[in-house]
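Presented below is the structure to which this report refers.
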Amino acid sequence: MIRSDDMDAEVLKREIVSFVERRKDDFCAIAEELFRNPETGLNEVRSSALLADFLEGEGYRVSRGVAGLPTAFRAEWGEGGPVVAILAEMDALPVMGHACGHNVIAAAAVGAAAALCRTLPPAVGRIVVLGTPAEEIGVGKVEMIRHGLFDDVSFALMVHPSSRRYVIKQYLGLAKVRFTFFGKPAHAAAYPEEGINALDAVLQTFNAINSLRQQLRQDVRVHGIITEGGVAPNIIPERAAAYFYVRADDLAELERVRGRVIACAEGAATATGCRLQVEADPRVLAPLRVNRAFSLLYSAQLAYLGLQESAVPADKNRGSSDIGNVSQIVPTIHPHVPIGDGIQIHSEAFAKATVSERGRAAVAEGAAALALTTVELLLRPEIREKIRAEFGG
């Protein structure tokens, strides 16, 4: 058996960089195929098969349809040692396709996995690639955690495309809540006094929340849409509905604000005489738990590759992701690779940038940086201990 202290990390790292460069076109072809055939959350049938088939071809043992999710998979290579999980998101947005760049995430993940299994001896540890569907709707990783897919994982990492190169990028917790109001229909001109207007209740909910904003912490975000508003102007709406996202820096504040948002809807129902149905999604997304020792390890690999991080603050322009839930149970990093300066995520321009020359470079950067970081984790127990110590502290 080859021990970690018998191997030269620098030699392995040079081999990995060379391997990624040689196979760059293969990895970018995956990003391009996903771009051409985008699939939304829990519908990633072709996307999941493409990634799983590729990993099988590289020598990974693949289990498909895990965690009760038809498009989730777990691919594994190696034996013994620590278990390092590389996460591959794959879902696209409705209408906009890969405007969040999950095609880059997936391609970088499988590229890193290929580089590791073609470079490392199997006895050094286990590499696990988790195909995590439905990130955009906050389902995949939450369900995979619940079904034990992370139980044996020692460290988790992935990259995400961005307009800048971040190593630490903070994320907010997220809770989702739907309100449906039930009123009474009536002719809006002839018998308005006979009606109970459910749309009025929705509008009052929005107005109450807008007033609430004055007393919210700076990290809190509340935003929503009207999903039902009636069927015709001359019929008082019997049913109307709204869907809200509540975000905050920590789970305690998230729950407190969600309670206040629900109270706004309850007040609107009382004021209008409507009956209210509240549906609070049990899948709450946790904030990202930053591990600085792990992040510094990734930063060192960027320096090795001659790449420089952005100076933009980590708490600027924050969203939410189910990677936050992973970070609560295992040391996790979620750095960003750049695909174009100033291009905003969730836009047509961002989707196109994923398959531009900058997008191709981001796939190669992500694959190399993930693989190099994994090599350091597997070969250097003192680094693992430092990361674990911070996580447990």
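All residue names refer to the structure tokens as shown: chains lettered A, B, ... in order, residues numbered from 1 in each chain, ligands numbered from 1 in order.
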Write out as a Markdown table a residue-level contact list of stretch 311-332 of chain A versus stretch 154-168 of chain A with cut-off 9 Å: for each qualifying residue the closest pair of atoms and the distance in Å to one decimal, counting only C-alpha atoms, rows sorted by chain and residue number upward.
| residue | atom | partner | partner_atom | distance |
| --- | --- | --- | --- | --- |
| A:Ala311 | CA | A:Tyr166 | CA | 8.3 |
| A:Val312 | CA | A:Tyr166 | CA | 8.1 |
| A:Pro313 | CA | A:Ile168 | CA | 8.9 |
| A:Ala314 | CA | A:Ile168 | CA | 5.9 |
| A:Asp315 | CA | A:Ile168 | CA | 8.9 |
| A:Val326 | CA | A:Ala156 | CA | 7.8 |
| A:Ser327 | CA | A:Ala156 | CA | 8.0 |
| A:Val330 | CA | A:Phe155 | CA | 6.0 |
| A:Pro331 | CA | A:Phe155 | CA | 5.2 |
| A:Thr332 | CA | A:Ala156 | CA | 4.7 |
Quiz prompt | Shell of 9 Å around stretch 73-86 of chain A, only C-alpha atoms, local chain residues under 4 positions omitted, as an MDAnalysis selection string | solution = chainID A and resid 48 52 55:56 59:67 69 109:110 112:113 117 120:133 149:150 152:158 370 374 377:378
Quiz prompt | Distance query A:Ala389 at most 12 Å, only C-alpha atoms, self and fewer than 5 positions along chain excluded, as a ChimeraX atom specification | solution = /A:291-294,330-331,382-384
Quiz item: What residues in stretch 103-327 of chain A get the DSSP label alpha helix (DSSP H)? Please answer as a PyMOL selection string.
Solution: chain A and resi 103-119+140-146+198-212+251-272+292-304+323-327
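As for atom CA of A:Thr272 and atom CA of A:Leu212, they are spaced 19.1 Å apart.
Counting only C-alpha atoms, A:Val246 has the following residues at most 9 Å away, ignoring those fewer than 6 positions along the same chain: Gly173, Leu174, Ala175, Lys176, Val177, Val220, Arg221, Val222, His223, Gly224, Leu254, Glu255, Val257, Arg258 and Val261 of chain A.
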Practice problem: Per DSSP on the backbone, filter stretch 181-366 of chain A down to the residues in strand (DSSP E) and report them as a VMD selection string. | Solution: chain A and resid 181 to 182 221 to 228 239 to 248 275 to 280 332 to 333 336 to 338
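Restricting the calculation to only C-alpha atoms, the smallest distance between A:Ala351 and any of A:Leu199, A:Val104, A:Val284, A:Leu12 is found for A:Val104.
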Please provide as an mmCIF file with C-alpha atoms, in the first residue's frame all residues within 8 Å of A:Ser347, with the sequence filter that same-chain residues fewer than 4 positions apart are discarded (counting only C-alpha atoms).
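Contents of around18.cif, freshly written:
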data_model
loop_
_atom_site.group_PDB
_atom_site.id
_atom_site.type_symbol
_atom_site.label_atom_id
_atom_site.label_comp_id
_atom_site.auth_asym_id
_atom_site.auth_seq_id
_atom_site.Cartn_x
_atom_site.Cartn_y
_atom_site.Cartn_z
ATOM 1 C CA MET A 96 -33.379 31.099 -19.069
ATOM 2 C CA ALA A 99 -28.158 31.334 -16.480
ATOM 3 C CA CYS A 100 -26.821 30.216 -13.095
ATOM 4 C CA ALA A 351 -25.870 31.762 -19.701
#
Compile the contact shell of A:Glu228 as a compact mmCIF listing (two decimals) with C-alpha atoms, in the first residue's frame: residues with an atom at most 10 Å away, counting only C-alpha atoms, same-chain residues fewer than 3 positions apart removed.
# COMPACT_ATOMS: atom_id res chain seq x y z
CA THR A 180 -53.55 31.33 -0.28
CA PHE A 181 -56.53 33.50 0.61
CA ALA A 198 -59.10 37.61 -1.75
CA LEU A 199 -56.87 39.79 -3.91
CA VAL A 202 -52.80 39.57 -0.96
CA ILE A 225 -44.80 37.42 -6.17
CA VAL A 231 -60.06 35.43 -13.12
CA PRO A 237 -61.59 37.35 -6.62
CA ARG A 239 -59.08 33.04 -4.42
CA ALA A 240 -55.70 34.74 -4.56
CA ALA A 241 -52.21 33.61 -3.62
CA ALA A 242 -48.66 34.84 -3.06
CA TYR A 243 -45.27 33.19 -2.70
